[in-house]
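S.K.: Input input_38.cif, format and content: mmCIF, C-alpha atoms.
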```
data_structure
loop_
_atom_site.group_PDB
_atom_site.id
_atom_site.type_symbol
_atom_site.label_atom_id
_atom_site.label_comp_id
_atom_site.auth_asym_id
_atom_site.auth_seq_id
_atom_site.Cartn_x
_atom_site.Cartn_y
_atom_site.Cartn_z
ATOM 1 C CA MET N 1 52.774 111.634 83.760
ATOM 2 C CA ILE N 2 56.476 110.783 83.840
ATOM 3 C CA TYR N 3 59.045 112.482 86.065
ATOM 4 C CA VAL N 4 62.833 112.485 86.168
ATOM 5 C CA GLY N 5 64.891 111.829 89.263
ATOM 6 C CA VAL N 6 68.563 112.795 89.349
ATOM 7 C CA ASP N 7 70.888 111.739 92.183
ATOM 8 C CA VAL N 8 74.153 113.653 91.843
ATOM 9 C CA GLY N 9 77.268 112.151 93.433
ATOM 10 C CA GLY N 10 80.897 113.088 93.400
ATOM 11 C CA THR N 11 81.732 110.128 91.116
ATOM 12 C CA ASN N 12 78.495 109.187 89.347
ATOM 13 C CA ILE N 13 75.128 110.737 88.575
ATOM 14 C CA LYS N 14 72.103 108.408 88.667
ATOM 15 C CA ILE N 15 69.245 109.404 86.377
ATOM 16 C CA GLY N 16 65.877 107.718 86.038
ATOM 17 C CA LEU N 17 62.391 108.057 84.575
ATOM 18 C CA VAL N 18 59.825 107.505 87.328
ATOM 19 C CA ASP N 19 56.043 107.155 87.114
ATOM 20 C CA ILE N 20 53.477 108.541 89.551
ATOM 21 C CA LYS N 21 53.583 105.293 91.588
ATOM 22 C CA GLY N 22 57.338 105.520 92.116
ATOM 23 C CA ALA N 23 58.219 102.792 89.623
ATOM 24 C CA ILE N 24 61.417 103.318 87.641
ATOM 25 C CA LEU N 25 60.740 102.939 83.921
ATOM 26 C CA ALA N 26 64.357 103.359 82.854
ATOM 27 C CA ASP N 27 67.515 104.438 84.630
ATOM 28 C CA ASN N 28 71.189 104.899 83.974
ATOM 29 C CA PHE N 29 74.257 106.534 85.411
ATOM 30 C CA ILE N 30 76.855 108.829 83.935
ATOM 31 C CA ARG N 31 80.224 109.879 85.268
ATOM 32 C CA THR N 32 80.417 113.167 87.129
ATOM 33 C CA ASP N 33 82.850 115.078 84.939
ATOM 34 C CA LYS N 34 84.275 117.569 87.422
ATOM 35 C CA SER N 35 86.563 118.990 84.739
ATOM 36 C CA LYS N 36 83.402 120.776 83.540
ATOM 37 C CA ASP N 37 81.613 123.664 85.210
ATOM 38 C CA TYR N 38 78.095 123.097 86.513
ATOM 39 C CA LYS N 39 76.547 124.108 83.187
ATOM 40 C CA GLY N 40 78.529 121.405 81.395
ATOM 41 C CA ILE N 41 77.377 118.803 83.930
ATOM 42 C CA LEU N 42 73.760 119.937 83.500
ATOM 43 C CA ASP N 43 74.112 119.544 79.732
ATOM 44 C CA ASP N 44 75.349 115.968 80.326
ATOM 45 C CA ILE N 45 72.300 115.275 82.505
ATOM 46 C CA VAL N 46 69.851 116.625 79.924
ATOM 47 C CA ALA N 47 71.511 114.609 77.151
ATOM 48 C CA ASP N 48 71.150 111.424 79.208
ATOM 49 C CA ILE N 49 67.499 112.178 80.000
ATOM 50 C CA LYS N 50 66.818 112.343 76.272
ATOM 51 C CA LEU N 51 68.594 109.013 75.758
ATOM 52 C CA LEU N 52 66.477 107.415 78.499
ATOM 53 C CA CYS N 53 63.318 108.803 76.909
ATOM 54 C CA ASN N 54 64.262 107.167 73.613
ATOM 55 C CA GLU N 55 65.008 103.901 75.397
ATOM 56 C CA ALA N 56 61.683 103.885 77.261
ATOM 57 C CA GLY N 57 59.563 105.234 74.387
ATOM 58 C CA VAL N 58 58.685 108.368 76.357
ATOM 59 C CA ASP N 59 58.135 111.740 74.674
ATOM 60 C CA TYR N 60 60.656 114.160 76.199
ATOM 61 C CA HIS N 61 58.020 116.907 76.139
ATOM 62 C CA ASP N 62 55.692 114.792 78.299
ATOM 63 C CA ILE N 63 58.066 114.948 81.289
ATOM 64 C CA GLY N 64 56.281 116.611 84.211
ATOM 65 C CA GLY N 65 59.383 117.798 86.024
ATOM 66 C CA ILE N 66 62.979 117.065 86.994
ATOM 67 C CA GLY N 67 63.973 116.611 90.629
ATOM 68 C CA VAL N 68 67.625 116.679 91.657
ATOM 69 C CA GLY N 69 69.350 115.537 94.838
ATOM 70 C CA VAL N 70 72.790 116.974 95.563
ATOM 71 C CA PRO N 71 75.217 116.300 98.429
ATOM 72 C CA GLY N 72 75.786 119.396 100.518
ATOM 73 C CA VAL N 73 73.762 122.459 101.452
ATOM 74 C CA VAL N 74 70.962 122.952 98.933
ATOM 75 C CA ASP N 75 68.436 125.763 99.403
ATOM 76 C CA SER N 76 65.325 123.977 98.200
ATOM 77 C CA ARG N 77 63.370 127.236 98.099
ATOM 78 C CA THR N 78 65.688 129.006 95.664
ATOM 79 C CA GLY N 79 67.157 125.925 93.981
ATOM 80 C CA THR N 80 70.685 127.108 94.773
ATOM 81 C CA VAL N 81 73.488 124.800 95.868
ATOM 82 C CA SER N 82 75.108 126.923 98.568
ATOM 83 C CA TYR N 83 77.976 124.505 99.054
ATOM 84 C CA SER N 84 78.875 120.996 97.937
ATOM 85 C CA ALA N 85 82.339 119.764 98.913
ATOM 86 C CA ASN N 86 82.017 116.625 96.760
ATOM 87 C CA LEU N 87 81.350 118.675 93.643
ATOM 88 C CA GLY N 88 83.373 121.785 94.447
ATOM 89 C CA TRP N 89 80.244 123.921 93.958
ATOM 90 C CA ARG N 90 79.511 127.184 95.748
ATOM 91 C CA ASP N 91 76.407 129.309 95.146
ATOM 92 C CA VAL N 92 75.440 127.372 92.006
ATOM 93 C CA PRO N 93 71.964 128.313 90.636
ATOM 94 C CA LEU N 94 71.187 124.671 89.935
ATOM 95 C CA VAL N 95 67.437 124.785 89.326
ATOM 96 C CA HIS N 96 67.591 127.872 87.103
ATOM 97 C CA GLY N 97 70.451 126.378 85.100
ATOM 98 C CA LEU N 98 68.680 123.042 84.683
ATOM 99 C CA GLU N 99 65.429 124.684 83.614
ATOM 100 C CA VAL N 100 67.300 126.720 81.003
ATOM 101 C CA ALA N 101 69.167 123.642 79.746
ATOM 102 C CA SER N 102 66.131 121.343 79.679
ATOM 103 C CA GLY N 103 63.121 123.588 79.174
ATOM 104 C CA ILE N 104 61.418 121.618 81.982
ATOM 105 C CA HIS N 105 60.370 122.650 85.504
ATOM 106 C CA ALA N 106 62.925 121.525 88.093
ATOM 107 C CA GLU N 107 63.394 121.363 91.858
ATOM 108 C CA ALA N 108 66.384 120.439 94.014
ATOM 109 C CA ALA N 109 67.130 119.308 97.558
ATOM 110 C CA ASN N 110 69.873 117.737 99.630
ATOM 111 C CA ASP N 111 70.474 114.124 98.566
ATOM 112 C CA ALA N 112 69.705 112.644 101.998
ATOM 113 C CA ASN N 113 66.453 114.618 102.107
ATOM 114 C CA CYS N 114 65.576 113.159 98.709
ATOM 115 C CA ALA N 115 66.269 109.643 99.987
ATOM 116 C CA ALA N 116 64.046 110.278 103.023
ATOM 117 C CA TRP N 117 61.299 111.641 100.773
ATOM 118 C CA GLY N 118 61.565 108.583 98.540
ATOM 119 C CA GLU N 119 61.189 106.187 101.472
ATOM 120 C CA TYR N 120 58.292 108.278 102.824
ATOM 121 C CA LYS N 121 56.410 108.398 99.532
ATOM 122 C CA PHE N 122 57.129 104.932 98.158
ATOM 123 C CA GLY N 123 59.258 102.929 100.586
ATOM 124 C CA SER N 124 59.300 101.500 104.074
ATOM 125 C CA CYS N 125 57.441 104.319 105.873
ATOM 126 C CA ARG N 126 54.570 105.180 103.540
ATOM 127 C CA SER N 127 51.918 105.233 106.280
ATOM 128 C CA MET N 128 53.939 107.376 108.704
ATOM 129 C CA ASP N 129 54.019 111.177 108.845
ATOM 130 C CA ASN N 130 56.929 111.568 111.275
ATOM 131 C CA VAL N 131 60.060 109.709 110.236
ATOM 132 C CA ILE N 132 63.823 110.144 110.110
ATOM 133 C CA LEU N 133 66.103 108.507 107.570
ATOM 134 C CA ILE N 134 69.728 107.878 108.532
ATOM 135 C CA THR N 135 72.182 106.680 105.890
ATOM 136 C CA LEU N 136 75.352 104.996 107.122
ATOM 137 C CA GLY N 137 77.921 105.383 104.362
ATOM 138 C CA THR N 138 81.125 107.338 103.890
ATOM 139 C CA GLY N 139 79.494 109.806 106.268
ATOM 140 C CA VAL N 140 76.178 109.850 108.106
ATOM 141 C CA GLY N 141 73.379 111.435 106.099
ATOM 142 C CA SER N 142 69.973 112.295 107.457
ATOM 143 C CA GLY N 143 66.542 113.375 106.290
ATOM 144 C CA ILE N 144 63.799 114.454 108.682
ATOM 145 C CA ILE N 145 60.075 114.454 107.893
ATOM 146 C CA ILE N 146 57.716 116.159 110.334
ATOM 147 C CA ASP N 147 53.957 115.954 109.838
ATOM 148 C CA GLY N 148 54.447 114.823 106.252
ATOM 149 C CA ARG N 149 56.821 117.641 105.302
ATOM 150 C CA LEU N 150 60.577 117.706 104.870
ATOM 151 C CA PHE N 151 62.365 119.662 107.574
ATOM 152 C CA ASP N 152 65.518 121.425 106.439
ATOM 153 C CA GLY N 153 65.822 124.586 108.537
ATOM 154 C CA VAL N 154 66.672 128.137 107.503
ATOM 155 C CA ALA N 155 68.069 128.280 103.937
ATOM 156 C CA SER N 156 67.846 124.458 103.973
ATOM 157 C CA ALA N 157 71.003 124.314 106.105
ATOM 158 C CA GLY N 158 69.457 122.150 108.842
ATOM 159 C CA GLY N 159 68.839 118.461 109.315
ATOM 160 C CA GLU N 160 72.543 117.521 109.425
ATOM 161 C CA ALA N 161 72.298 114.914 112.170
ATOM 162 C CA GLY N 162 75.665 113.407 111.233
ATOM 163 C CA HIS N 163 77.360 116.483 112.658
ATOM 164 C CA MET N 164 75.841 116.544 116.114
ATOM 165 C CA ILE N 165 78.627 116.201 118.673
ATOM 166 C CA ILE N 166 78.492 112.954 120.642
ATOM 167 C CA VAL N 167 82.073 113.025 122.030
ATOM 168 C CA LYS N 168 83.460 116.318 123.366
ATOM 169 C CA ASP N 169 86.865 117.042 121.780
ATOM 170 C CA GLY N 170 86.581 113.703 120.013
ATOM 171 C CA LYS N 171 87.829 112.577 116.623
ATOM 172 C CA GLN N 172 88.472 115.194 113.966
ATOM 173 C CA CYS N 173 85.669 115.345 111.402
ATOM 174 C CA ASN N 174 86.126 116.423 107.793
ATOM 175 C CA CYS N 175 83.625 119.209 108.454
ATOM 176 C CA GLY N 176 86.127 120.911 110.790
ATOM 177 C CA LEU N 177 84.404 119.990 114.061
ATOM 178 C CA LYS N 178 85.496 117.323 116.535
ATOM 179 C CA GLY N 179 83.464 114.434 117.912
ATOM 180 C CA CYS N 180 80.760 114.397 115.212
ATOM 181 C CA TRP N 181 78.434 111.404 115.174
ATOM 182 C CA GLU N 182 79.608 110.391 111.697
ATOM 183 C CA CYS N 183 83.176 110.000 113.029
ATOM 184 C CA TYR N 184 81.851 107.051 115.062
ATOM 185 C CA ALA N 185 78.733 105.757 113.279
ATOM 186 C CA SER N 186 79.552 105.907 109.553
ATOM 187 C CA ALA N 187 80.622 102.888 107.527
ATOM 188 C CA SER N 188 84.029 104.560 107.248
ATOM 189 C CA ALA N 189 84.230 104.708 111.029
ATOM 190 C CA LEU N 190 83.291 101.025 111.274
ATOM 191 C CA ILE N 191 86.145 100.125 108.948
ATOM 192 C CA SER N 192 88.576 102.162 111.093
ATOM 193 C CA GLN N 193 87.278 100.482 114.249
ATOM 194 C CA THR N 194 87.769 97.076 112.615
ATOM 195 C CA GLU N 195 91.351 97.961 111.652
ATOM 196 C CA GLU N 196 92.085 99.012 115.240
ATOM 197 C CA ALA N 197 90.652 95.744 116.571
ATOM 198 C CA MET N 198 92.820 93.731 114.170
ATOM 199 C CA LYS N 199 95.898 95.408 115.654
ATOM 200 C CA LYS N 200 94.645 94.907 119.208
ATOM 201 C CA TYR N 201 93.698 91.265 118.611
ATOM 202 C CA PRO N 202 96.185 89.931 116.024
ATOM 203 C CA ASP N 203 95.027 86.332 116.562
ATOM 204 C CA SER N 204 91.340 87.083 115.964
ATOM 205 C CA ILE N 205 89.607 85.821 112.830
ATOM 206 C CA LEU N 206 89.015 89.402 111.664
ATOM 207 C CA ARG N 207 92.160 89.169 109.560
ATOM 208 C CA ASN N 208 91.059 85.876 107.997
ATOM 209 C CA VAL N 209 87.685 87.359 107.088
ATOM 210 C CA ALA N 210 89.319 90.456 105.580
ATOM 211 C CA GLU N 211 91.723 88.330 103.531
ATOM 212 C CA LYS N 212 88.855 86.199 102.231
ATOM 213 C CA GLU N 213 86.916 89.368 101.287
ATOM 214 C CA GLY N 214 90.028 90.901 99.768
ATOM 215 C CA LYS N 215 89.693 94.017 101.920
ATOM 216 C CA ILE N 216 88.512 95.352 105.252
ATOM 217 C CA SER N 217 84.899 96.416 104.762
ATOM 218 C CA GLY N 218 81.844 97.328 106.781
ATOM 219 C CA ARG N 219 80.929 93.625 106.705
ATOM 220 C CA THR N 220 84.184 92.273 108.154
ATOM 221 C CA ALA N 221 83.347 92.670 111.845
ATOM 222 C CA PHE N 222 79.765 91.446 111.377
ATOM 223 C CA ILE N 223 80.954 88.288 109.615
ATOM 224 C CA ALA N 224 83.532 87.644 112.333
ATOM 225 C CA ALA N 225 80.911 88.223 115.038
ATOM 226 C CA GLU N 226 78.586 85.709 113.364
ATOM 227 C CA LYS N 227 81.412 83.175 113.595
ATOM 228 C CA GLY N 228 81.666 83.782 117.343
ATOM 229 C CA ASP N 229 84.860 85.858 117.191
ATOM 230 C CA LYS N 230 85.377 87.878 120.386
ATOM 231 C CA ALA N 231 87.047 90.791 118.601
ATOM 232 C CA GLY N 232 84.345 90.910 115.935
ATOM 233 C CA LYS N 233 81.632 90.937 118.594
ATOM 234 C CA GLU N 234 83.388 93.758 120.440
ATOM 235 C CA VAL N 235 83.608 95.894 117.294
ATOM 236 C CA VAL N 236 79.960 95.298 116.380
ATOM 237 C CA GLU N 237 78.676 95.977 119.902
ATOM 238 C CA ASN N 238 80.659 99.207 120.216
ATOM 239 C CA TYR N 239 79.617 100.336 116.749
ATOM 240 C CA ILE N 240 75.932 99.710 117.469
ATOM 241 C CA ASP N 241 76.332 101.662 120.724
ATOM 242 C CA TYR N 242 77.688 104.635 118.750
ATOM 243 C CA ILE N 243 74.765 104.528 116.319
ATOM 244 C CA ALA N 244 72.280 104.157 119.183
ATOM 245 C CA THR N 245 73.707 107.211 120.977
ATOM 246 C CA GLY N 246 72.801 109.439 118.047
ATOM 247 C CA LEU N 247 69.441 107.774 117.486
ATOM 248 C CA ILE N 248 68.471 108.224 121.140
ATOM 249 C CA ASN N 249 69.218 111.942 120.840
ATOM 250 C CA LEU N 250 67.066 112.166 117.709
ATOM 251 C CA GLY N 251 64.346 110.064 119.339
ATOM 252 C CA ASN N 252 64.168 112.324 122.370
ATOM 253 C CA ILE N 253 64.039 115.465 120.210
ATOM 254 C CA PHE N 254 61.535 114.305 117.572
ATOM 255 C CA HIS N 255 60.013 111.014 118.819
ATOM 256 C CA PRO N 256 59.107 109.932 115.256
ATOM 257 C CA ASN N 257 57.006 106.957 114.249
ATOM 258 C CA ALA N 258 60.153 105.319 112.922
ATOM 259 C CA ILE N 259 63.800 105.815 112.125
ATOM 260 C CA ILE N 260 64.801 104.303 108.798
ATOM 261 C CA ILE N 261 68.365 102.991 108.459
ATOM 262 C CA GLY N 262 69.869 103.089 104.977
ATOM 263 C CA GLY N 263 73.308 102.843 103.445
ATOM 264 C CA GLY N 264 75.433 99.742 102.942
ATOM 265 C CA VAL N 265 75.588 98.837 106.642
ATOM 266 C CA SER N 266 71.795 98.446 106.715
ATOM 267 C CA ASN N 267 72.257 95.271 104.663
ATOM 268 C CA GLU N 268 73.265 93.528 107.905
ATOM 269 C CA GLY N 269 69.549 93.346 108.634
ATOM 270 C CA ALA N 270 68.453 91.931 111.988
ATOM 271 C CA ALA N 271 72.022 91.809 113.343
ATOM 272 C CA LEU N 272 71.977 95.606 113.206
ATOM 273 C CA ILE N 273 68.311 96.578 113.419
ATOM 274 C CA GLU N 274 67.152 94.451 116.361
ATOM 275 C CA PRO N 275 69.797 95.510 118.923
ATOM 276 C CA LEU N 276 69.473 99.111 117.725
ATOM 277 C CA GLU N 277 65.724 99.150 118.312
ATOM 278 C CA GLU N 278 66.182 97.665 121.788
ATOM 279 C CA LYS N 279 68.908 100.137 122.786
ATOM 280 C CA VAL N 280 67.122 103.175 121.357
ATOM 281 C CA ASN N 281 63.788 102.500 123.031
ATOM 282 C CA ALA N 282 65.492 101.733 126.340
ATOM 283 C CA GLY N 283 67.207 105.138 126.150
ATOM 284 C CA LEU N 284 64.169 107.288 125.354
ATOM 285 C CA LEU N 285 62.707 109.610 127.955
ATOM 286 C CA ALA N 286 59.831 107.973 129.850
ATOM 287 C CA SER N 287 60.181 104.983 127.555
ATOM 288 C CA GLU N 288 57.724 102.921 129.609
ATOM 289 C CA HIS N 289 54.948 105.471 128.971
ATOM 290 C CA ASN N 290 55.561 106.750 125.423
ATOM 291 C CA PRO N 291 55.059 104.892 122.129
ATOM 292 C CA LYS N 292 58.078 102.967 120.910
ATOM 293 C CA VAL N 293 60.115 104.248 117.978
ATOM 294 C CA ARG N 294 60.435 101.607 115.288
ATOM 295 C CA ILE N 295 63.836 101.078 113.694
ATOM 296 C CA ILE N 296 63.400 99.869 110.110
ATOM 297 C CA GLY N 297 65.774 99.022 107.298
ATOM 298 C CA ALA N 298 65.385 101.137 104.162
ATOM 299 C CA SER N 299 63.542 99.341 101.368
ATOM 300 C CA LEU N 300 64.476 101.326 98.244
ATOM 301 C CA GLY N 301 68.222 100.677 98.476
ATOM 302 C CA ASN N 302 70.473 102.916 96.414
ATOM 303 C CA LYS N 303 67.490 104.039 94.302
ATOM 304 C CA ALA N 304 65.877 105.961 97.183
ATOM 305 C CA GLY N 305 67.596 109.242 96.289
ATOM 306 C CA LEU N 306 66.635 108.992 92.632
ATOM 307 C CA ILE N 307 63.003 108.107 93.376
ATOM 308 C CA GLY N 308 62.772 110.764 96.087
ATOM 309 C CA ALA N 309 64.197 113.406 93.770
ATOM 310 C CA ALA N 310 61.530 112.581 91.197
ATOM 311 C CA ALA N 311 58.889 112.778 93.934
ATOM 312 C CA LEU N 312 59.932 116.386 94.645
ATOM 313 C CA VAL N 313 58.212 117.457 91.427
ATOM 314 C CA MET N 314 55.180 115.151 91.525
#
```
How does the structure come out when it is put into structure tokens?
M.R.:
Amino acid sequence: MIYVGVDVGGTNIKIGLVDIKGAILADNFIRTDKSKDYKGILDDIVADIKLLCNEAGVDYHDIGGIGVGVPGVVDSRTGTVSYSANLGWRDVPLVHGLEVASGIHAEAANDANCAAWGEYKFGSCRSMDNVILITLGTGVGSGIIIDGRLFDGVASAGGEAGHMIIVKDGKQCNCGLKGCWECYASASALISQTEEAMKKYPDSILRNVAEKEGKISGRTAFIAAEKGDKAGKEVVENYIDYIATGLINLGNIFHPNAIIIGGGVSNEGAALIEPLEEKVNAGLLASEHNPKVRIIGASLGNKAGLIGAAALVM
């Protein structure tokens, strides 16, 4: 049986044909044409699925289901997108509309939940029933799996770890609150922290690294720190402390087998993961008596959401 995974973003939509083992047979992306209403975008998705079927030699009518991940609040029980800022959608009957457009059974969930489900089913935490995925990107996304089931709260509005408050009256978040974790732990926040350090330490090598890269990125401070730069080390240490603060809170609430770190920043590997694991386990309640929480880099990369969406309908 073949399944379709769809990962909807504000700029692009990733679409793939996935087999029962989580292998991608064919995938593609199309632009998210926000000049169209949701029905027009669903028609674009269905058209691309048919193109992928032709490419892979798959009979469209043999597709077992279509799973869709969407940024924002997605009621996975009704298939309704309650709100998606990136898409400008409110109360969109996504699953019903997709089933009408495609003639195929569909399910939908929040995109971070899909990524967590993908890692749980086919990625770095396949043997674990209690895991949390954190994605460090433009914001901080999260997916929580408890006893082998996705947790998403009432009307699927829960599981938004990026918006727990870690600094009272702190930085203004795009969500309207102040002091949200993603204001300090996202890749966007890391870039802002690097820019501030460049102003504070004008003679540091941060500027040289940024000029060589052609921009200030989430890698700039890590590269500078690797070169022994004091300012780079300060940025990286503070940034890891911010991430650890949120992870300690999650660890004390859920004490999962592991916390999976995804998003572009996770590509820093051991320079990020090892100090995080040390800080998190040192901060857990009764850490000397309870099992340690593993901190693991995500293994499915930017395909986790697509694969996890397909797994929703397996």
S.K.: Could you give me, as a ChimeraX atom specification, the residues within 7 Å of region 152-169 of chain N, counting all atoms listed in the file and dropping anything in the same chain fewer than 5 positions from it?
M.R.: /N:73-76,140-144,178-182
S.K.: Could you state which residues are captured by the PyMOL selection byres ((chain N and resi 6) around 9) in this file, as a list of chain:residue names?
M.R.: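 Applying the expression gives N:Val4, N:Gly5, N:Asp7, N:Val8, N:Ile13, N:Lys14, N:Ile15, N:Gly16, N:Ile45, N:Ile66, N:Gly67, N:Val68, N:Gly69, N:Val70, N:Gly305, N:Leu306, N:Ile307, N:Ala309, N:Ala310.
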S.K.: Kindly indicate which residue among N:Ala221, N:Ala185, N:Ile273, N:Ile260 lies nearest to Ile205 (chain N), using all atoms listed in the file for the distances.
M.R.: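 Among N:Ala221, N:Ala185, N:Ile273, N:Ile260, it is N:Ala221 that comes nearest to Ile205 (chain N).
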S.K.: Enter the distance from CA of Ile49 (chain N) to CA of Leu17 (chain N), in Å, rounded to one decimal.
M.R.: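 Between CA of Ile49 (chain N) and CA of Leu17 (chain N) the gap is 8.0 Å.
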S.K.: Take every atom of region 271-283 of chain N listed in the file, fit an axis-aligned box around them, add 8 Å per side, and give the centre and edge lengths in Å to one decimal as JSON.
M.R.:
```
{"center_x": 67.9, "center_y": 98.5, "center_z": 119.8, "size_x": 24.2, "size_y": 29.3, "size_z": 29.1}
```
S.K.: Between CA of Asp43 (chain N) and CA of Ala101 (chain N), what is the distance, to one decimal in Å?
M.R.: 6.4 Å
S.K.: From the set N:Phe151, N:Tyr120, N:Tyr184, N:Tyr38, which residue has the shortest atom-to-atom contact distance to Ile243 (chain N), counting all atoms listed in the file?
M.R.: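 Looking only at the distances to Ile243 (chain N), the closest residue turns out to be N:Tyr184.
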S.K.: So which residues get picked by the PyMOL selection byres ((chain N and resi 302) around 9) here, written as an mmCIF file with C-alpha atoms, keeping the file's coordinate frame?
M.R.:
```
data_model
loop_
_atom_site.group_PDB
_atom_site.id
_atom_site.type_symbol
_atom_site.label_atom_id
_atom_site.label_comp_id
_atom_site.auth_asym_id
_atom_site.auth_seq_id
_atom_site.Cartn_x
_atom_site.Cartn_y
_atom_site.Cartn_z
ATOM 1 C CA ALA N 115 66.269 109.643 99.987
ATOM 2 C CA GLY N 262 69.869 103.089 104.977
ATOM 3 C CA GLY N 263 73.308 102.843 103.445
ATOM 4 C CA GLY N 264 75.433 99.742 102.942
ATOM 5 C CA LEU N 300 64.476 101.326 98.244
ATOM 6 C CA GLY N 301 68.222 100.677 98.476
ATOM 7 C CA LYS N 303 67.490 104.039 94.302
ATOM 8 C CA ALA N 304 65.877 105.961 97.183
ATOM 9 C CA GLY N 305 67.596 109.242 96.289
ATOM 10 C CA LEU N 306 66.635 108.992 92.632
#
```
S.K.: Neighbouring residues of region 191-194 of chain N were defined as those with any atom within 10 Å, considering only C-alpha atoms; residues of the same chain fewer than 6 positions away were excluded. Please report them as a ChimeraX atom specification.
M.R.: /N:183-184,200,206-207,210,215-222,231-232,234-236,238-239
S.K.: Let me make sure I understand: among N:Ile146, N:Ala311, N:Ala189, N:Cys173, which one has the smallest atom-to-atom distance to Tyr3 (chain N) if we use all atoms listed in the file?
M.R.: N:Ala311
S.K.: Compare N:Lys227, N:Lys171, N:Lys21, N:Lys34 by their minimum atom-to-atom distance to Asn86 (chain N), counting all atoms listed in the file, and give me the closest one.
M.R.: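 For Asn86 (chain N), the nearest of the given residues is N:Lys34.
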S.K.: To one decimal place, how far is CA of Met128 (chain N) from CA of Met314 (chain N) in Å?
M.R.: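 These two atoms are separated by 18.9 Å.
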